[in-house]
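Peer 1: This is query26.cif (mmCIF, C-alpha atoms).
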```cif
data_start
#
loop_
_atom_site.label_atom_id
_atom_site.label_comp_id
_atom_site.auth_asym_id
_atom_site.auth_seq_id
_atom_site.Cartn_x
_atom_site.Cartn_y
_atom_site.Cartn_z
CA MET O 1 -4.81 -84.55 -121.23
CA ASN O 2 -6.20 -87.62 -123.02
CA ILE O 3 -5.64 -86.78 -126.68
CA PHE O 4 -3.33 -89.74 -127.29
CA ASN O 5 -5.72 -92.27 -125.72
CA ASN O 6 -8.70 -90.82 -127.59
CA LEU O 7 -6.80 -90.96 -130.88
CA LEU O 8 -5.60 -94.50 -130.24
CA SER O 9 -9.11 -95.69 -129.39
CA LYS O 10 -10.39 -93.84 -132.50
CA GLN O 11 -12.83 -91.78 -130.47
CA GLU O 12 -11.23 -88.71 -132.02
CA SER O 13 -9.31 -87.90 -135.21
CA ILE O 14 -6.07 -86.22 -136.12
CA CYS O 15 -6.00 -83.67 -138.95
CA ILE O 16 -2.98 -83.13 -141.20
CA ILE O 17 -3.06 -79.65 -142.73
CA GLY O 18 -1.02 -79.40 -145.92
CA LEU O 19 -0.68 -82.57 -148.01
CA GLY O 20 2.64 -82.06 -149.71
CA TYR O 21 5.88 -84.04 -149.44
CA VAL O 22 5.69 -83.75 -145.61
CA GLY O 23 2.00 -83.95 -144.82
CA LEU O 24 0.97 -86.82 -147.08
CA PRO O 25 3.55 -89.39 -145.83
CA LEU O 26 2.71 -88.35 -142.27
CA ALA O 27 -1.00 -88.82 -142.86
CA THR O 28 -0.40 -92.17 -144.56
CA LEU O 29 1.58 -93.55 -141.64
CA PHE O 30 -0.88 -92.28 -139.05
CA SER O 31 -3.78 -93.82 -140.97
CA GLU O 32 -2.38 -97.27 -140.20
CA LYS O 33 -3.06 -96.62 -136.50
CA ILE O 34 -5.72 -93.94 -136.04
CA ASN O 35 -8.43 -91.92 -137.80
CA VAL O 36 -6.90 -89.31 -140.09
CA ILE O 37 -8.37 -86.37 -141.96
CA GLY O 38 -6.24 -84.76 -144.65
CA TYR O 39 -6.91 -81.08 -145.29
CA ASP O 40 -5.58 -79.03 -148.18
CA LEU O 41 -6.77 -75.99 -150.14
CA ASP O 42 -5.88 -77.66 -153.46
CA LYS O 43 -9.16 -79.19 -154.67
CA ASP O 44 -7.48 -81.20 -157.44
CA LYS O 45 -5.10 -82.75 -154.93
CA ILE O 46 -7.99 -83.65 -152.63
CA GLU O 47 -9.91 -85.39 -155.42
CA LYS O 48 -6.80 -87.29 -156.50
CA TYR O 49 -6.05 -88.53 -152.98
CA LYS O 50 -9.64 -89.59 -152.36
CA SER O 51 -9.27 -92.25 -155.01
CA GLN O 52 -5.75 -93.29 -153.99
CA TYR O 53 -5.89 -93.48 -150.20
CA LYS O 54 -8.95 -95.27 -148.91
CA LYS O 55 -8.03 -95.29 -145.21
CA MET O 56 -8.24 -91.49 -144.91
CA PHE O 57 -10.84 -88.81 -145.30
CA PHE O 58 -9.75 -85.86 -147.45
CA THR O 59 -11.34 -82.44 -147.60
CA ASP O 60 -10.80 -78.80 -148.48
CA LYS O 61 -13.70 -77.69 -146.30
CA LEU O 62 -12.88 -76.22 -142.91
CA ASN O 63 -16.13 -77.27 -141.23
CA GLN O 64 -15.31 -80.93 -141.90
CA ILE O 65 -12.23 -80.87 -139.66
CA LYS O 66 -13.72 -79.06 -136.68
CA ASN O 67 -14.25 -82.21 -134.62
CA CYS O 68 -10.61 -83.25 -134.59
CA SER O 69 -8.63 -82.97 -131.36
CA CYS O 70 -5.13 -82.75 -132.82
CA TYR O 71 -4.02 -80.65 -135.80
CA ILE O 72 -0.61 -80.95 -137.47
CA ILE O 73 0.33 -78.05 -139.74
CA ALA O 74 2.77 -79.03 -142.48
CA VAL O 75 2.60 -76.20 -145.00
CA PRO O 76 5.46 -74.65 -147.01
CA THR O 77 7.68 -71.90 -145.60
CA PRO O 78 9.55 -70.57 -148.65
CA ILE O 79 11.45 -67.33 -149.20
CA ASP O 80 10.29 -64.38 -151.29
CA GLU O 81 12.02 -62.74 -154.25
CA ASN O 82 14.26 -60.84 -151.83
CA ASN O 83 15.31 -64.00 -149.97
CA ARG O 84 13.24 -63.02 -146.94
CA PRO O 85 11.15 -65.56 -144.96
CA ASP O 86 7.67 -65.98 -146.41
CA LEU O 87 5.37 -67.09 -143.58
CA ASN O 88 2.12 -66.50 -145.47
CA CYS O 89 1.17 -70.18 -145.68
CA VAL O 90 1.76 -70.78 -141.97
CA ILE O 91 -0.14 -67.64 -141.03
CA LYS O 92 -3.03 -68.50 -143.34
CA ALA O 93 -3.25 -72.07 -142.01
CA THR O 94 -3.19 -70.73 -138.44
CA GLU O 95 -5.92 -68.20 -139.19
CA ASN O 96 -8.08 -70.90 -140.76
CA ILE O 97 -7.88 -73.51 -138.00
CA SER O 98 -8.20 -70.91 -135.23
CA LYS O 99 -11.78 -70.44 -136.43
CA ILE O 100 -12.72 -74.01 -135.52
CA LEU O 101 -10.50 -74.84 -132.53
CA LYS O 102 -12.05 -76.03 -129.25
CA ALA O 103 -10.85 -76.07 -125.68
CA ASN O 104 -8.14 -78.71 -125.05
CA ASP O 105 -7.26 -79.13 -128.73
CA LEU O 106 -3.60 -79.61 -129.65
CA VAL O 107 -1.98 -77.80 -132.58
CA ILE O 108 1.45 -79.00 -133.74
CA TYR O 109 3.59 -77.14 -136.26
CA GLU O 110 6.00 -79.05 -138.52
CA SER O 111 6.82 -76.26 -140.97
CA THR O 112 10.41 -75.00 -140.82
CA VAL O 113 10.58 -71.58 -139.14
CA TYR O 114 13.06 -69.54 -137.14
CA PRO O 115 12.90 -69.68 -133.31
CA GLY O 116 9.98 -67.66 -131.98
CA VAL O 117 7.59 -67.94 -134.92
CA THR O 118 5.33 -70.55 -133.28
CA GLU O 119 4.86 -68.70 -130.00
CA ASN O 120 5.30 -65.07 -131.08
CA ILE O 121 3.43 -65.10 -134.39
CA CYS O 122 1.13 -68.13 -134.52
CA VAL O 123 -0.06 -68.30 -130.91
CA PRO O 124 -1.36 -64.67 -130.85
CA ILE O 125 -3.39 -65.41 -134.01
CA ILE O 126 -4.91 -68.49 -132.37
CA GLU O 127 -5.71 -66.66 -129.14
CA ARG O 128 -7.24 -63.70 -130.94
CA ASN O 129 -9.44 -65.70 -133.31
CA SER O 130 -10.41 -68.61 -131.07
CA LYS O 131 -10.74 -66.67 -127.79
CA LEU O 132 -8.87 -69.55 -126.17
CA ARG O 133 -5.95 -68.96 -123.79
CA TYR O 134 -2.55 -70.39 -124.70
CA ASN O 135 -1.36 -73.17 -122.40
CA LYS O 136 -4.66 -73.10 -120.51
CA ASP O 137 -7.46 -73.69 -123.00
CA ILE O 138 -5.47 -74.46 -126.14
CA PHE O 139 -2.15 -76.29 -126.42
CA ILE O 140 0.63 -75.86 -128.95
CA GLY O 141 3.63 -77.94 -129.98
CA TYR O 142 6.42 -77.96 -132.52
CA SER O 143 7.98 -80.97 -134.25
CA PRO O 144 10.20 -80.10 -137.23
CA GLU O 145 9.85 -82.18 -140.37
CA ARG O 146 12.94 -84.12 -141.43
CA ILE O 147 11.80 -85.63 -144.72
CA ASN O 148 14.58 -86.32 -147.21
CA PRO O 149 12.92 -87.14 -150.56
CA ASN O 150 14.06 -90.35 -152.26
CA ASP O 151 16.33 -91.34 -149.38
CA LYS O 152 16.32 -95.13 -149.41
CA ILE O 153 17.89 -95.38 -145.94
CA HIS O 154 16.49 -92.58 -143.81
CA ASN O 155 12.70 -92.41 -143.89
CA LEU O 156 9.93 -90.91 -141.79
CA LYS O 157 9.62 -94.00 -139.65
CA ASN O 158 13.29 -94.49 -138.71
CA THR O 159 14.37 -90.83 -138.50
CA THR O 160 14.37 -89.48 -134.94
CA LYS O 161 11.48 -87.06 -134.37
CA ILE O 162 12.05 -83.98 -132.26
CA VAL O 163 9.04 -82.89 -130.21
CA ALA O 164 8.44 -79.93 -127.91
CA GLY O 165 5.20 -78.74 -126.36
CA CYS O 166 4.12 -75.62 -124.53
CA ASN O 167 4.58 -77.57 -121.29
CA LYS O 168 6.06 -80.89 -120.22
CA THR O 169 2.69 -82.66 -120.24
CA ILE O 170 2.10 -81.66 -123.85
CA THR O 171 5.63 -82.74 -124.81
CA LYS O 172 4.95 -86.18 -123.31
CA GLU O 173 1.62 -86.33 -125.15
CA MET O 174 3.31 -85.45 -128.42
CA LYS O 175 5.93 -88.12 -127.81
CA LYS O 176 3.21 -90.74 -127.43
CA ILE O 177 1.35 -89.53 -130.52
CA TYR O 178 4.38 -89.58 -132.80
CA GLY O 179 5.64 -92.72 -131.08
CA MET O 180 2.76 -94.61 -132.68
CA ILE O 181 4.47 -94.31 -136.08
CA ILE O 182 8.08 -93.29 -135.47
CA GLU O 183 10.74 -95.46 -133.85
CA ASN O 184 12.66 -92.74 -132.00
CA VAL O 185 11.21 -89.57 -130.46
CA TYR O 186 13.41 -86.96 -128.81
CA GLU O 187 12.01 -84.46 -126.29
CA ALA O 188 13.50 -80.99 -126.75
CA ASP O 189 13.57 -78.52 -123.86
CA ASN O 190 11.02 -76.17 -125.37
CA ILE O 191 9.46 -75.02 -128.63
CA LYS O 192 12.18 -72.48 -129.48
CA THR O 193 14.87 -75.13 -129.02
CA ALA O 194 13.05 -77.46 -131.44
CA GLU O 195 12.65 -74.63 -133.97
CA ALA O 196 16.36 -73.80 -133.67
CA ALA O 197 17.39 -77.43 -134.08
CA LYS O 198 15.69 -77.62 -137.45
CA LEU O 199 17.22 -74.33 -138.54
CA ILE O 200 20.79 -75.35 -137.69
CA GLU O 201 20.48 -78.76 -139.38
CA ASN O 202 20.08 -77.38 -142.87
CA THR O 203 22.20 -74.28 -142.28
CA GLN O 204 25.10 -76.52 -141.24
CA ARG O 205 24.70 -78.56 -144.42
CA ASP O 206 24.70 -75.41 -146.55
CA VAL O 207 27.89 -74.17 -144.89
CA ASN O 208 29.64 -77.51 -145.37
CA ILE O 209 28.71 -77.69 -149.06
CA ALA O 210 29.99 -74.13 -149.46
CA LEU O 211 33.30 -75.22 -147.97
CA MET O 212 33.55 -78.01 -150.54
CA ASN O 213 32.60 -75.67 -153.38
CA GLU O 214 35.31 -73.24 -152.30
CA PHE O 215 37.84 -76.02 -151.74
CA GLU O 216 37.06 -77.37 -155.20
CA ASN O 217 38.28 -74.07 -156.66
CA LEU O 218 41.56 -74.57 -154.83
CA CYS O 219 41.89 -78.16 -156.04
CA GLU O 220 41.19 -77.05 -159.60
CA LYS O 221 44.10 -74.59 -159.49
CA LEU O 222 46.37 -77.35 -158.17
CA ASP O 223 45.12 -79.92 -160.68
CA ILE O 224 43.84 -82.15 -157.86
CA ASN O 225 40.65 -84.22 -158.03
CA ILE O 226 38.52 -83.08 -155.07
CA TYR O 227 36.59 -86.37 -155.08
CA HIS O 228 39.86 -88.22 -154.51
CA VAL O 229 40.70 -85.75 -151.74
CA ILE O 230 37.39 -86.43 -150.01
CA LYS O 231 37.83 -90.17 -150.45
CA ALA O 232 41.17 -89.96 -148.66
CA ALA O 233 39.93 -87.57 -145.95
CA ARG O 234 36.91 -89.69 -145.05
CA THR O 235 39.21 -92.46 -143.81
CA LYS O 236 39.34 -90.44 -140.58
CA TRP O 237 36.43 -91.26 -138.28
CA ASN O 238 35.31 -87.68 -137.63
CA PHE O 239 35.50 -86.31 -141.16
CA TYR O 240 32.10 -84.94 -142.28
CA GLU O 241 31.55 -86.35 -145.76
CA CYS O 242 30.14 -83.71 -148.07
CA TYR O 243 30.55 -82.95 -151.78
CA PRO O 244 30.64 -79.85 -154.00
CA GLY O 245 27.71 -79.01 -156.23
CA LEU O 246 24.55 -77.01 -156.69
CA VAL O 247 22.40 -76.29 -153.65
CA GLY O 248 18.68 -76.12 -154.42
CA GLY O 249 15.45 -77.56 -153.14
CA HIS O 250 13.02 -76.59 -150.43
CA CYS O 251 15.32 -76.78 -147.38
CA ILE O 252 19.07 -76.31 -147.69
CA SER O 253 18.85 -73.38 -150.10
CA VAL O 254 16.02 -71.77 -148.11
CA ASP O 255 16.45 -72.31 -144.37
CA PRO O 256 19.73 -70.36 -144.04
CA TYR O 257 17.83 -67.22 -145.09
CA TYR O 258 15.56 -67.75 -142.07
CA TYR O 259 18.73 -67.87 -139.97
CA ILE O 260 20.04 -64.67 -141.58
CA ALA O 261 16.72 -62.84 -141.13
CA LEU O 262 16.56 -63.73 -137.44
CA ALA O 263 20.22 -62.76 -136.92
CA GLU O 264 19.52 -59.37 -138.47
CA LYS O 265 16.47 -58.92 -136.28
CA LEU O 266 18.50 -59.70 -133.15
CA ASN O 267 21.54 -57.72 -134.37
CA VAL O 268 23.68 -60.86 -134.26
CA GLY O 269 26.32 -61.66 -136.88
CA SER O 270 25.67 -64.24 -139.59
CA ASN O 271 28.83 -63.76 -141.66
CA ILE O 272 29.61 -67.45 -142.14
CA VAL O 273 26.07 -68.28 -143.23
CA GLN O 274 25.84 -65.32 -145.60
CA THR O 275 29.20 -66.19 -147.14
CA ALA O 276 28.12 -69.81 -147.59
CA ARG O 277 24.97 -68.68 -149.33
CA HIS O 278 26.99 -66.44 -151.64
CA ILE O 279 29.44 -69.24 -152.51
CA ASN O 280 26.70 -71.78 -153.22
CA GLU O 281 24.57 -69.37 -155.23
CA ASN O 282 27.63 -68.41 -157.29
CA MET O 283 28.05 -72.02 -158.46
CA VAL O 284 25.50 -71.23 -161.16
CA ASN O 285 27.76 -68.52 -162.59
CA LYS O 286 30.81 -70.78 -162.38
CA ILE O 287 29.11 -73.58 -164.33
CA VAL O 288 27.71 -71.18 -166.93
CA LYS O 289 31.19 -69.73 -167.49
CA ILE O 290 32.69 -73.20 -167.99
CA ILE O 291 29.95 -74.05 -170.49
CA ILE O 292 30.39 -70.80 -172.44
CA ASP O 293 34.17 -71.20 -172.54
CA GLU O 294 33.88 -74.75 -173.88
CA LEU O 295 31.27 -73.82 -176.48
CA GLN O 296 33.47 -71.00 -177.77
CA LYS O 297 36.41 -73.39 -178.14
CA ASN O 298 34.17 -75.80 -180.02
CA GLU O 299 32.48 -73.07 -182.05
CA GLY O 300 29.06 -74.44 -181.16
CA ASN O 301 25.82 -73.20 -179.71
CA LYS O 302 23.71 -76.28 -178.99
CA ILE O 303 23.63 -77.83 -175.52
CA LEU O 304 21.71 -80.71 -173.96
CA ILE O 305 20.87 -80.49 -170.24
CA MET O 306 20.45 -83.89 -168.59
CA GLY O 307 18.28 -83.47 -165.50
CA ILE O 308 16.63 -80.33 -164.09
CA THR O 309 15.30 -81.45 -160.68
CA TYR O 310 17.09 -80.18 -157.59
CA LYS O 311 18.39 -83.67 -156.77
CA ALA O 312 18.53 -87.07 -158.40
CA ASN O 313 15.60 -89.47 -158.82
CA ILE O 314 12.81 -87.12 -157.74
CA ASP O 315 10.35 -84.93 -159.66
CA ASP O 316 10.78 -81.83 -157.49
CA ILE O 317 12.06 -78.73 -159.28
CA ARG O 318 11.65 -76.25 -156.42
CA ASN O 319 14.60 -73.84 -156.29
CA SER O 320 16.47 -75.99 -158.79
CA LYS O 321 19.67 -74.18 -159.71
CA VAL O 322 19.74 -76.05 -163.01
CA LEU O 323 16.83 -73.86 -164.08
CA ASP O 324 18.93 -70.79 -163.24
CA ILE O 325 21.73 -72.16 -165.41
CA ILE O 326 19.29 -72.63 -168.28
CA ASP O 327 17.92 -69.08 -167.84
CA LYS O 328 21.40 -67.58 -168.08
CA LEU O 329 22.33 -69.70 -171.10
CA GLN O 330 19.13 -68.74 -172.90
CA GLN O 331 19.77 -65.06 -172.18
CA MET O 332 23.13 -65.49 -173.91
CA GLY O 333 21.45 -66.99 -176.96
CA ILE O 334 22.55 -70.57 -176.35
CA GLU O 335 20.29 -73.17 -177.95
CA THR O 336 19.30 -75.23 -174.90
CA PHE O 337 17.49 -78.58 -174.83
CA VAL O 338 16.36 -80.58 -171.81
CA TYR O 339 15.96 -84.28 -171.16
CA ASP O 340 14.30 -85.24 -167.87
CA ASN O 341 11.39 -87.66 -167.71
CA LEU O 342 11.04 -87.30 -163.94
CA ALA O 343 10.67 -83.53 -163.63
CA ASN O 344 7.25 -82.24 -162.66
CA ARG O 345 6.37 -80.34 -165.84
CA LYS O 346 3.18 -78.88 -164.36
CA ALA O 347 5.33 -76.91 -161.93
CA LEU O 348 7.29 -75.52 -164.89
CA LYS O 349 4.39 -73.73 -166.52
CA ASN O 350 6.15 -70.34 -166.43
CA LYS O 351 9.43 -71.68 -167.80
CA LYS O 352 10.30 -71.77 -171.48
CA LEU O 353 12.04 -75.11 -171.74
CA HIS O 354 12.57 -77.22 -174.84
CA PHE O 355 12.09 -80.83 -173.73
CA VAL O 356 13.37 -83.54 -176.03
CA ASP O 357 13.59 -87.30 -176.11
CA PHE O 358 17.16 -88.48 -175.65
CA ASP O 359 16.88 -90.89 -178.58
CA ASN O 360 15.82 -88.10 -180.91
CA ILE O 361 18.34 -85.37 -180.06
CA ASN O 362 21.54 -85.18 -182.14
CA ASN O 363 24.28 -82.82 -183.28
CA VAL O 364 24.78 -81.18 -179.89
CA ASN O 365 28.02 -79.40 -179.04
CA LEU O 366 27.97 -80.06 -175.30
CA ILE O 367 26.06 -82.19 -172.77
CA LEU O 368 25.68 -81.08 -169.16
CA PHE O 369 24.83 -83.90 -166.73
CA SER O 370 23.53 -81.64 -164.00
CA VAL O 371 21.49 -84.26 -162.10
CA MET O 372 22.48 -87.91 -162.35
CA HIS O 373 19.17 -89.80 -162.31
CA ASP O 374 19.54 -93.59 -162.19
CA GLU O 375 18.15 -93.68 -165.73
CA PHE O 376 21.13 -91.67 -166.98
CA LYS O 377 23.64 -94.07 -165.44
CA LYS O 378 22.23 -96.86 -167.59
CA ILE O 379 22.79 -95.06 -170.90
CA PRO O 380 25.81 -96.62 -172.66
CA ILE O 381 28.63 -94.14 -173.11
CA GLN O 382 28.81 -95.13 -176.79
CA LYS O 383 25.23 -93.93 -177.23
CA ILE O 384 26.11 -90.62 -175.57
CA GLU O 385 29.11 -90.19 -177.88
CA LYS O 386 26.86 -90.35 -180.94
CA LYS O 387 24.86 -87.31 -179.81
CA PHE O 388 27.59 -84.83 -180.67
CA LYS O 389 28.10 -82.84 -183.84
CA ASN O 390 31.88 -82.84 -183.37
CA ASN O 391 34.49 -82.72 -180.58
CA PRO O 392 32.28 -84.26 -177.83
CA ILE O 393 32.27 -82.36 -174.52
CA ILE O 394 30.63 -83.72 -171.37
CA ILE O 395 30.38 -81.63 -168.22
CA GLU O 396 29.13 -83.46 -165.13
CA ILE O 397 28.31 -82.14 -161.67
CA GLY O 398 29.84 -85.14 -159.95
CA GLU O 399 31.97 -87.87 -161.52
CA THR O 400 29.71 -90.83 -162.21
CA LEU O 401 30.76 -90.94 -165.87
CA LYS O 402 34.45 -90.35 -165.20
CA ASP O 403 35.59 -93.97 -165.57
CA LYS O 404 33.26 -94.65 -168.50
CA CYS O 405 34.56 -91.98 -170.84
CA ASP O 406 37.08 -92.69 -173.55
CA TYR O 407 39.19 -89.55 -173.27
CA ASN O 408 40.46 -90.02 -176.81
CA LYS O 409 36.93 -89.36 -178.01
CA ILE O 410 35.35 -87.21 -175.29
CA LYS O 411 36.48 -84.14 -173.38
CA TYR O 412 35.16 -84.82 -169.88
CA ILE O 413 34.94 -82.13 -167.18
CA SER O 414 33.86 -82.95 -163.64
CA ILE O 415 32.59 -80.19 -161.32
#
```
For this file, produce the structure as structure tokens.

Peer 2:
Amino acid sequence: MNIFNNLLSKQESICIIGLGYVGLPLATLFSEKINVIGYDLDKDKIEKYKSQYKKMFFTDKLNQIKNCSCYIIAVPTPIDENNRPDLNCVIKATENISKILKANDLVIYESTVYPGVTENICVPIIERNSKLRYNKDIFIGYSPERINPNDKIHNLKNTTKIVAGCNKTITKEMKKIYGMIIENVYEADNIKTAEAAKLIENTQRDVNIALMNEFENLCEKLDINIYHVIKAARTKWNFYECYPGLVGGHCISVDPYYYIALAEKLNVGSNIVQTARHINENMVNKIVKIIIDELQKNEGNKILIMGITYKANIDDIRNSKVLDIIDKLQQMGIETFVYDNLANRKALKNKKLHFVDFDNINNVNLILFSVMHDEFKKIPIQKIEKKFKNNPIIIEIGETLKDKCDYNKIKYISI
């Protein structure tokens, strides 16, 4: 097996399939060391990247990637409308590349899946379409993506990469390939172990956030500030620091459903995970109720939503629970306005949102700071005060504004 040496000497190329938030950074890093071809079905994306990234070759044509020796599949694995795993993108990508695979090629999956998907679903497709035998003619690996958008500390390069191949030789080969661009590479026992590791990472996070959301309800009844509780608790070395809030995005609000689906298939309990999902999903209803109660007290109907992305300082709106809040408010006839200059508006084409400029919106009855972008932190509290019609009410998911508010002028609620 000489894939690594052939890539390093640039005799052969690596192909990254799927150029989203995972695939593009991966391709960019690899392009500093070896020949990279970026493949995606989105023609507009391909044309855009051709002008931006000169060290790589981009294409949406299958026949232009057939001479690569290593293929990394980094396509989305979302859930459907019934919260069931949607493997269509992975299956489609597998079907496509299986048409052009050659003997001794290496296919690596980075998409988040439940244990067994790579070997039980993808491998049979490859064998059937390519006529190549698994672990004899064609080799497969799994290395879960661990991208955390807008994380200034943990990036692709310094985050440990888990690798697992269909045999020990392939695992070692994968370690060398990823080791070209990533500081730490961990060899998992096998492909299913690597798949399971990714699944438990985000499921654990979802469960811990659910605990904080539930505990916040308790603190509210006792008139205790949960953020002060966490601050005190984290003085112990083994306390897992986690905060209450909305759980959206492409991982934490999705991956637990892969866990639940697999547990159902194997007739294994998933009570904790299902309960955590229920608690976190119900945060939308809790926040809507608080908003409605406050509006009724203030006899108003006009609300400004500050931030609609699923987390701060990114443009990604996938599975953003803020959008669910807006939907429910609109259904109740609440006049809802949105300020968010970062949000990817192209991805919102099916949403009826009323975007406004912060400087031009006035006479609101309530402001919800749902996502605290850095831009919002810089707005003087005096300027925020002037946006209200009467009896200013600020609701914040978090407590960034807590010490800035003059409580004689503003009713401030932290969630």

Peer 1: Written as a ChimeraX atom specification, which residues does the PyMOL selection byres ((chain O and resi 348-352) around 10) give for the file shown?

Peer 2: /O:317-318,323,326-327,330,343-347,353-355

Peer 1: Looking at only C-alpha atoms, which of O:Ile79, O:Ile367, O:Val322, O:Ile260 is the one that sits closest to O:Val284?

Peer 2: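 Looking at the shortest contact to O:Val284, the residue is O:Val322.
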
Peer 1: Given the file above and the PyMOL selection byres ((chain O and resi 192-195) around 8), which residues are selected, and can you give them as number ranges by chain?

Peer 2: O: 112-116, 142-144, 162-164, 188-191, 196-199

Peer 1: Once you have the residues from the selection above, write them out as a tab-separated table (two decimals), keeping the file's coordinate frame, restricted to C-alpha atoms.

Peer 2:
```tsv
chain	number	residue	atom	x	y	z
O	112	THR	CA	10.41	-75.00	-140.82
O	113	VAL	CA	10.58	-71.58	-139.14
O	114	TYR	CA	13.06	-69.54	-137.14
O	115	PRO	CA	12.90	-69.68	-133.31
O	116	GLY	CA	9.98	-67.66	-131.98
O	142	TYR	CA	6.42	-77.96	-132.52
O	143	SER	CA	7.98	-80.97	-134.25
O	144	PRO	CA	10.20	-80.10	-137.23
O	162	ILE	CA	12.05	-83.98	-132.26
O	163	VAL	CA	9.04	-82.89	-130.21
O	164	ALA	CA	8.44	-79.93	-127.91
O	188	ALA	CA	13.50	-80.99	-126.75
O	189	ASP	CA	13.57	-78.52	-123.86
O	190	ASN	CA	11.02	-76.17	-125.37
O	191	ILE	CA	9.46	-75.02	-128.63
O	196	ALA	CA	16.36	-73.80	-133.67
O	197	ALA	CA	17.39	-77.43	-134.08
O	198	LYS	CA	15.69	-77.62	-137.45
O	199	LEU	CA	17.22	-74.33	-138.54
```

Peer 1: For O:Ala103, which residue out of O:Glu119, O:Glu127, O:Asp137, O:Glu241 is the nearest one, using only C-alpha atoms?

Peer 2: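 So, comparing all the options, the nearest one is O:Asp137.
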
Peer 1: Taking the file above as input, evaluate the PyMOL selection byres ((chain O and resi 372) around 10) and report the hits as a ChimeraX atom specification.

Peer 2: /O:306-309,311-313,369-371,373-377,396-401

Peer 1: Generate the output file for the selected residues, C-alpha atoms, as a CSV table (one decimal), in the frame of the given file.

Peer 2:
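Output file part.csv is given in full below:
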```
chain,number,residue,atom,x,y,z
O,306,MET,CA,20.4,-83.9,-168.6
O,307,GLY,CA,18.3,-83.5,-165.5
O,308,ILE,CA,16.6,-80.3,-164.1
O,309,THR,CA,15.3,-81.4,-160.7
O,311,LYS,CA,18.4,-83.7,-156.8
O,312,ALA,CA,18.5,-87.1,-158.4
O,313,ASN,CA,15.6,-89.5,-158.8
O,369,PHE,CA,24.8,-83.9,-166.7
O,370,SER,CA,23.5,-81.6,-164.0
O,371,VAL,CA,21.5,-84.3,-162.1
O,373,HIS,CA,19.2,-89.8,-162.3
O,374,ASP,CA,19.5,-93.6,-162.2
O,375,GLU,CA,18.2,-93.7,-165.7
O,376,PHE,CA,21.1,-91.7,-167.0
O,377,LYS,CA,23.6,-94.1,-165.4
O,396,GLU,CA,29.1,-83.5,-165.1
O,397,ILE,CA,28.3,-82.1,-161.7
O,398,GLY,CA,29.8,-85.1,-160.0
O,399,GLU,CA,32.0,-87.9,-161.5
O,400,THR,CA,29.7,-90.8,-162.2
O,401,LEU,CA,30.8,-90.9,-165.9
```

Peer 1: Which of these, O:Ile17, O:Ile46, O:Ile230, O:Ala27, has the shortest distance to O:Ala74 once you count all atoms listed in the file?

Peer 2: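 Checking each of O:Ile17, O:Ile46, O:Ile230, O:Ala27 against O:Ala74, counting all atoms listed in the file, the winner is O:Ile17.
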
Peer 1: Counting all atoms listed in the file, note down every residue that has an atom within 6 Å of the point (25.2, -79.2, -170.1) (file coordinates), as number ranges by chain.

Peer 2: O: 303-305, 366-369

Peer 1: Please write the residues from the selection above to a file, keeping C-alpha atoms, as an mmCIF file, in the coordinates of the input.

Peer 2:
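Now in selection-v7.cif:
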```cif
data_model
loop_
_atom_site.group_PDB
_atom_site.id
_atom_site.type_symbol
_atom_site.label_atom_id
_atom_site.label_comp_id
_atom_site.auth_asym_id
_atom_site.auth_seq_id
_atom_site.Cartn_x
_atom_site.Cartn_y
_atom_site.Cartn_z
ATOM 1 C CA ILE O 303 23.630 -77.830 -175.520
ATOM 2 C CA LEU O 304 21.710 -80.710 -173.960
ATOM 3 C CA ILE O 305 20.870 -80.490 -170.240
ATOM 4 C CA LEU O 366 27.970 -80.060 -175.300
ATOM 5 C CA ILE O 367 26.060 -82.190 -172.770
ATOM 6 C CA LEU O 368 25.680 -81.080 -169.160
ATOM 7 C CA PHE O 369 24.830 -83.900 -166.730
#
```

Peer 1: Give me the residues within 9 Å of O:Lys45 as a PyMOL selection string, counting all atoms listed in the file and dropping any in the same chain fewer than 5 places off.

Peer 2: chain O and resi 19+40+50

Peer 1: Of the candidates O:Ile126, O:Lys289, O:Tyr243, O:Ile3, which shows the shortest atom-to-atom distance to O:Met174, using only C-alpha atoms?

Peer 2: O:Ile3

Peer 1: Quick one: pull the distance between atom CA of O:Glu220 and atom CA of O:Asn298, Å, one decimal.

Peer 2: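 Separation of atom CA of O:Glu220 and atom CA of O:Asn298: 21.6 Å.
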
Peer 1: Can you tell me which residues surround O:Glu81 at a distance of at most 12 Å, considering all atoms listed in the file, apart from same-chain residues fewer than 4 positions away, and format the answer as a list in words?

Peer 2: Pro85, Asp86, Val254, Tyr257 and Asn319 of chain O

Peer 1: Excluding O:Gly20 and any residue of its chain fewer than 3 positions from it, enumerate the residues within 9 Å of it, using only C-alpha atoms, and give them as a list in words.

Peer 2: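 Listed by chain and then number, they are Gly23, Leu24, Pro25, Asp40, Ala74, Val75 and Pro76 of chain O.
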
Peer 1: Between atom CA of O:Cys15 and atom CA of O:Cys251, measure the distance and give it in Å to one decimal.

Peer 2: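 Spanning atom CA of O:Cys15 to atom CA of O:Cys251 is a straight-line distance of 23.9 Å.
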
Peer 1: What gap, in Å, lies between atom CA of O:Ile140 and atom CA of O:Ile108?

Peer 2: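 Atom-to-atom, atom CA of O:Ile140 and atom CA of O:Ile108 are spaced 5.8 Å apart.
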